[in-house]
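So this one's query33.cif, mmCIF, C-alpha atoms:
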```cif
data_upload
#
loop_
_atom_site.group_PDB
_atom_site.id
_atom_site.type_symbol
_atom_site.label_atom_id
_atom_site.label_comp_id
_atom_site.auth_asym_id
_atom_site.auth_seq_id
_atom_site.Cartn_x
_atom_site.Cartn_y
_atom_site.Cartn_z
ATOM 1 C CA ASN A 1 102.336 -35.994 36.733
ATOM 2 C CA PHE A 2 104.201 -34.832 39.866
ATOM 3 C CA ASP A 3 107.297 -37.027 39.327
ATOM 4 C CA LEU A 4 108.936 -35.049 42.119
ATOM 5 C CA PHE A 5 106.979 -37.212 44.571
ATOM 6 C CA SER A 6 108.357 -40.435 43.088
ATOM 7 C CA ARG A 7 111.999 -39.518 43.778
ATOM 8 C CA VAL A 8 113.301 -40.691 47.164
ATOM 9 C CA TRP A 9 115.760 -37.834 47.638
ATOM 10 C CA CYS A 10 113.088 -35.240 46.812
ATOM 11 C CA VAL A 11 110.478 -36.576 49.249
ATOM 12 C CA ALA A 12 113.113 -36.904 51.972
ATOM 13 C CA GLU A 13 114.073 -33.249 51.529
ATOM 14 C CA LEU A 14 110.435 -32.100 51.358
ATOM 15 C CA VAL A 15 109.518 -33.900 54.585
ATOM 16 C CA GLU A 16 112.616 -32.663 56.398
ATOM 17 C CA ALA A 17 111.892 -29.061 55.353
ATOM 18 C CA HIS A 18 108.252 -29.454 56.466
ATOM 19 C CA ARG A 19 109.328 -30.846 59.845
ATOM 20 C CA ALA A 20 111.733 -27.896 60.234
ATOM 21 C CA LYS A 21 108.848 -25.520 59.428
ATOM 22 C CA ILE A 22 110.641 -24.164 56.367
ATOM 23 C CA ARG A 23 108.087 -22.505 54.117
ATOM 24 C CA GLN A 24 107.575 -24.363 50.839
ATOM 25 C CA ASN A 25 105.535 -23.481 47.781
ATOM 26 C CA VAL A 26 104.516 -25.324 44.651
ATOM 27 C CA CYS A 27 104.231 -23.533 41.354
ATOM 28 C CA LEU A 28 101.809 -25.297 38.992
ATOM 29 C CA LEU A 29 101.728 -24.697 35.260
ATOM 30 C CA SER A 30 98.051 -25.589 35.267
ATOM 31 C CA LYS A 31 95.540 -26.432 37.966
ATOM 32 C CA SER A 32 93.578 -28.663 35.587
ATOM 33 C CA ALA A 33 95.224 -31.831 36.956
ATOM 34 C CA LEU A 34 93.924 -30.902 40.416
ATOM 35 C CA ASP A 35 90.459 -29.805 39.305
ATOM 36 C CA ALA A 36 87.867 -31.712 41.320
ATOM 37 C CA ASN A 37 85.293 -31.193 38.565
ATOM 38 C CA THR A 38 87.204 -33.265 36.001
ATOM 39 C CA GLY A 39 86.202 -36.469 37.753
ATOM 40 C CA ASP A 40 89.738 -37.867 37.388
ATOM 41 C CA LEU A 41 91.078 -38.734 40.811
ATOM 42 C CA GLY A 42 94.141 -40.564 39.465
ATOM 43 C CA LEU A 43 96.654 -37.907 40.452
ATOM 44 C CA TYR A 44 95.034 -37.413 43.842
ATOM 45 C CA LEU A 45 95.071 -41.165 44.516
ATOM 46 C CA LYS A 46 98.719 -41.343 43.432
ATOM 47 C CA LEU A 47 99.641 -38.640 45.928
ATOM 48 C CA ALA A 48 97.403 -39.994 48.721
ATOM 49 C CA THR A 49 98.901 -43.480 48.497
ATOM 50 C CA ILE A 50 102.556 -42.596 47.941
ATOM 51 C CA SER A 51 105.134 -44.351 50.096
ATOM 52 C CA VAL A 52 108.839 -43.642 50.352
ATOM 53 C CA ALA A 53 109.365 -47.403 50.096
ATOM 54 C CA ASN A 54 108.238 -47.208 46.453
ATOM 55 C CA CYS A 55 110.241 -44.123 45.473
ATOM 56 C CA ARG A 56 113.100 -44.248 42.986
ATOM 57 C CA ALA A 57 116.587 -42.825 42.598
ATOM 58 C CA SER A 58 118.995 -42.740 39.666
ATOM 59 C CA ARG A 59 121.254 -45.179 41.470
ATOM 60 C CA SER A 60 119.766 -48.091 43.406
ATOM 61 C CA GLU A 61 122.450 -47.840 46.095
ATOM 62 C CA ASP A 62 121.431 -44.203 46.740
ATOM 63 C CA ARG A 63 117.799 -45.231 47.051
ATOM 64 C CA ASP A 64 118.665 -48.084 49.431
ATOM 65 C CA ARG A 65 120.839 -45.806 51.582
ATOM 66 C CA ILE A 66 118.184 -43.097 51.873
ATOM 67 C CA VAL A 67 115.343 -45.539 52.607
ATOM 68 C CA SER A 68 117.502 -47.377 55.173
ATOM 69 C CA ARG A 69 118.261 -44.112 56.950
ATOM 70 C CA ILE A 70 114.577 -43.117 56.950
ATOM 71 C CA GLU A 71 113.646 -46.538 58.295
ATOM 72 C CA ALA A 72 116.246 -46.295 61.061
ATOM 73 C CA LEU A 73 115.326 -42.740 62.107
ATOM 74 C CA TRP A 74 111.531 -42.743 61.835
ATOM 75 C CA GLY A 75 110.291 -45.977 60.310
ATOM 76 C CA ILE A 76 108.517 -46.098 56.962
ATOM 77 C CA PRO A 77 104.937 -45.682 58.348
ATOM 78 C CA GLU A 78 105.865 -42.556 60.360
ATOM 79 C CA PHE A 79 107.755 -41.064 57.429
ATOM 80 C CA ASP A 80 104.845 -41.781 55.070
ATOM 81 C CA ALA A 81 102.464 -40.070 57.518
ATOM 82 C CA GLN A 82 104.800 -37.059 57.569
ATOM 83 C CA LEU A 83 104.885 -37.130 53.757
ATOM 84 C CA GLN A 84 101.072 -37.016 53.658
ATOM 85 C CA ALA A 85 101.124 -34.012 56.023
ATOM 86 C CA THR A 86 103.759 -32.378 53.828
ATOM 87 C CA ILE A 87 101.538 -32.772 50.775
ATOM 88 C CA PHE A 88 97.991 -32.363 52.135
ATOM 89 C CA GLY A 89 98.257 -30.828 55.611
ATOM 90 C CA PRO A 90 97.281 -27.254 56.530
ATOM 91 C CA ARG A 91 100.879 -26.148 55.863
ATOM 92 C CA GLY A 92 101.189 -28.726 53.099
ATOM 93 C CA LEU A 93 102.245 -28.136 49.527
ATOM 94 C CA LEU A 94 98.824 -28.904 48.073
ATOM 95 C CA GLY A 95 96.574 -28.582 51.117
ATOM 96 C CA LYS A 96 94.693 -25.598 49.743
ATOM 97 C CA GLU A 97 94.692 -26.820 46.142
ATOM 98 C CA LEU A 98 92.799 -30.057 46.829
ATOM 99 C CA LEU A 99 89.840 -28.815 48.870
ATOM 100 C CA GLY A 100 87.361 -30.215 46.335
ATOM 101 C CA PHE A 101 88.784 -33.721 46.558
ATOM 102 C CA ASP A 102 87.890 -36.387 49.072
ATOM 103 C CA VAL A 103 89.722 -34.991 52.094
ATOM 104 C CA ILE A 104 88.222 -37.695 54.288
ATOM 105 C CA TYR A 105 90.020 -40.343 52.222
ATOM 106 C CA ALA A 106 93.337 -38.567 52.827
ATOM 107 C CA ALA A 107 92.580 -38.294 56.554
ATOM 108 C CA ALA A 108 91.690 -41.981 56.735
ATOM 109 C CA ARG A 109 94.892 -42.887 54.930
ATOM 110 C CA VAL A 110 96.985 -40.850 57.366
ATOM 111 C CA ALA A 111 95.075 -42.333 60.336
ATOM 112 C CA LEU A 112 95.792 -45.845 59.049
ATOM 113 C CA ARG A 113 99.489 -45.047 58.777
ATOM 114 C CA VAL A 114 99.519 -43.622 62.313
ATOM 115 C CA GLN A 115 97.776 -46.785 63.568
ATOM 116 C CA VAL A 116 100.349 -49.005 61.837
ATOM 117 C CA MET A 117 103.126 -46.894 63.316
ATOM 118 C CA GLY A 118 101.630 -47.305 66.797
ATOM 119 C CA GLU A 119 101.380 -51.057 66.368
ATOM 120 C CA THR A 120 104.955 -51.195 65.097
ATOM 121 C CA LEU A 121 106.194 -49.225 68.090
ATOM 122 C CA SER A 122 104.234 -51.472 70.464
ATOM 123 C CA LEU A 123 105.796 -54.580 68.950
ATOM 124 C CA ALA A 124 109.260 -53.044 69.098
ATOM 125 C CA SER A 125 108.947 -52.180 72.787
ATOM 126 C CA ALA A 126 107.519 -55.598 73.724
#
```
When written as structure tokens, how does the structure in this file appear?
Amino acid sequence: NFDLFSRVWCVAELVEAHRAKIRQNVCLLSKSALDANTGDLGLYLKLATISVANCRASRSEDRDRIVSRIEALWGIPEFDAQLQATIFGPRGLLGKELLGFDVIYAAARVALRVQVMGETLSLASA
């Protein structure tokens, strides 16, 4: 169920390592959850729509501190776009595992986040 991606500290570390070009690997007990032939896109949709704004932490003050720092440094839309690249991109954790899934949907999702980021930056500079 990939709970790792629902934890704010974990996604922050994954994105930072990806940005620093630190090699990362995922070890799966079974590829059945990622099998395109099962017809269940629930896990894929969960990963494709994940946002750091919805991630959890054991302590709410830790979550708030981490999200506030992400928002100040990059903004939520930019961070979420980086998170999508970390998961699905060519160097991403699952990029090669999800070739049978709707890659266009993931690309559209990332493009939407980039567009929102651009609009946010335009408003901030105005």
| message | Env of range 1-5 of chain A: 12 Å cut, atoms = all atoms listed in the file, seq-sep filter 6 positions within chain, self excluded. Answer as an MDAnalysis selection string. | response | chainID A and resid 11:15 26:34 42:57 80 83:84 86:87 93:94
| field | Between CA of Arg91 in chain A and CA of Gly118 in chain A, distance in Å (one decimal) | value |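 We find that CA of Arg91 in chain A and CA of Gly118 in chain A lie 23.8 Å from each other.
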Produce the centre coordinates and the three edge lengths, each in Å to one decimal, of the box along x, y and z that contains all listed atoms of range 68-76 of chain A with 4 Å added on each side, as lines of an AutoDock Vina configuration file.
```
center_x = 113.4
center_y = -45.1
center_z = 58.6
size_x = 17.7
size_y = 12.6
size_z = 14.9
```
| Using only C-alpha atoms: which of A:Ser60, A:Ser6, A:Gln115, A:Ser122 has the shortest distance to Ala81 in chain A |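 Answer, going by the shortest atom-to-atom distance: A:Gln115.
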| message | Quick check, in Å to one decimal: how far apart do CA of Gln82 in chain A and CA of Ala20 in chain A lie? | response |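 It comes out at 11.8 Å.
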| message | Between CA of Gln24 in chain A and CA of Glu61 in chain A, what is the distance in Å, rounded to a tenth? | response |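 According to the coordinates, CA of Gln24 in chain A and CA of Glu61 in chain A are separated by 28.2 Å.
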